[in-house]
Structure formats: C-alpha cells, structure tokens
Amino acid sequence: MKLPVSTEWLLHCAASLAQLEAGATASAAQLAQYFDLPAAYLAKQLQALVKAGVLAATTGPRGGFRLARPASEITLLQIVEAVDGAASPYECREIRQQGRGALPAEECQNPCILAAKMAEAHEAWRNSLATTSLSEIIAALPPSAPSRTRLRLTGTP
C-alpha cells in the first residue's frame with residue numbers, strides 16, 4: 001500500500017501540534033517552514049484535519065492550528081482517514097473466473113482467499129493505527145523533543 005506524501009506531512013504536523021502547550025497554535029506557514037513544505041498545499045491539507053475534527057483552526061494575527069481534542073483522543077487512523085479515506089487499498093476483481101484459467105462458478109462460492117488475506121492485513125493495519133494515539137507517539141519521543149519542537153516551531157520554549 002502506498003499512501004500519498006501528504007499523509008506523512010499531516011501525521012508529522014499533528015504530532016508537532018501535540019507538543020505545543022495547551023491552547024497554543026501554529027500557522028500553516030510555521031508548519032510549512034518547520035518541515036520545508038509548500039505552504040499553500042499544506043494549508044489545504046490541514047483543512048482536511050479540521051473538517052475531520054482532529055484540528056481546530058483560528059483566524060487573526062495569533063491564529064493557526066491546534067489539536068481539537070486531547071492528544072490521547074486522537075488516533076493515527078483518524079489522521080490517515082481524514083487524508084486518505086477508509087477504503088481498502090485492495091480490490092478483488094474476481095479474475096479467477098476469467099480467461100483460460102477460469103474456475104467453475106461452484107468453486108467460487110466463497111470469497112477469494114487472496115482477497116480475504118488482503119482484507120485481513122488491511123484490518124490489522126487499521127487496528128494498529130486505531131489503537132495508537134498521538135499522546136503515545138509523543139511519549140515515545142526523546143524527553144527534549146517537545147521543548148525543541150515548541151522553540152523551533154513557534155519561538156516559545
């Protein structure tokens with residue numbers, strides 16, 4: 001499975017915002033500069049997280065983005081699905097019933113074993129992301145990371 005590059009961007013942006021003090025914000029321009037990303041495109045992508053209820057956006061001179069809920073209530077799956085949706089990356093087209101090698105209909109009463117295994121793998125991946133919160137990610141960072149992130153992202157320690 002290959003996810004778009006914007007998935008990585010938004011996972012890192014959300015993790016960075018989770019390291020800010022409560023109520024603090026970072027603008028799209030600050031996040032773009034922090035990660036050396038195109039600001040206009042990142043701003044558009046961040047809106048997907050706002051729409052999904054992962055981030056909140058404020059306007060004005062001190063406006064920007066912040067987590068909409070505590071980091072412990074935001075999962076990696078919620079971020080990924082906000083960007084990429086929930087569809088399975090594998091679609092079985094039942095080619096086992098086509099061409100010279102076509103199986104008889106009676107041998108295709110059950111779902112294709114390959115499709116079943118791909119669905120099983122996708123569900124395991126989703127479950128892993130669904131049970132991993134942003135707070136767990138932050139807890140796994142080196143102790144100095146949050147203050148360094150705050151300083152480099154917003155200029156405040």
# chains A, B, ... in the order shown; residues from 1 in each chain; ligands from 1
>>> residues_around(residues="A:Ala86", least_positions_apart="5", cutoff="10 Å", atoms="only C-alpha atoms", output="ChimeraX atom specification")
/A:77-78,80-81,126
>>> residues_around(residues="A:Pro70", least_positions_apart="5", cutoff="10 Å", atoms="only C-alpha atoms", output="ChimeraX atom specification")
/A:18,22,54,133-135
>>> atom_distance(atom1="atom CA of A:Arg150", atom2="atom CA of A:Ala15")
11.5 Å
>>> closest_residue(among="A:Thr131, A:Gln45, A:Gln19, A:Thr25", to="A:Phe65", atoms="only C-alpha atoms")
A:Thr25
>>> closest_residue(among="A:Arg96, A:Pro89, A:Cys112, A:Cys13", to="A:Leu67", atoms="only C-alpha atoms")
A:Cys13
>>> atom_distance(atom1="atom CA of A:Ile113", atom2="atom CA of A:Thr132")
29.0 Å
>>> closest_residue(among="A:Pro146, A:Pro4, A:Gly53, A:Pro111", to="A:Ala82", atoms="only C-alpha atoms")
A:Gly53
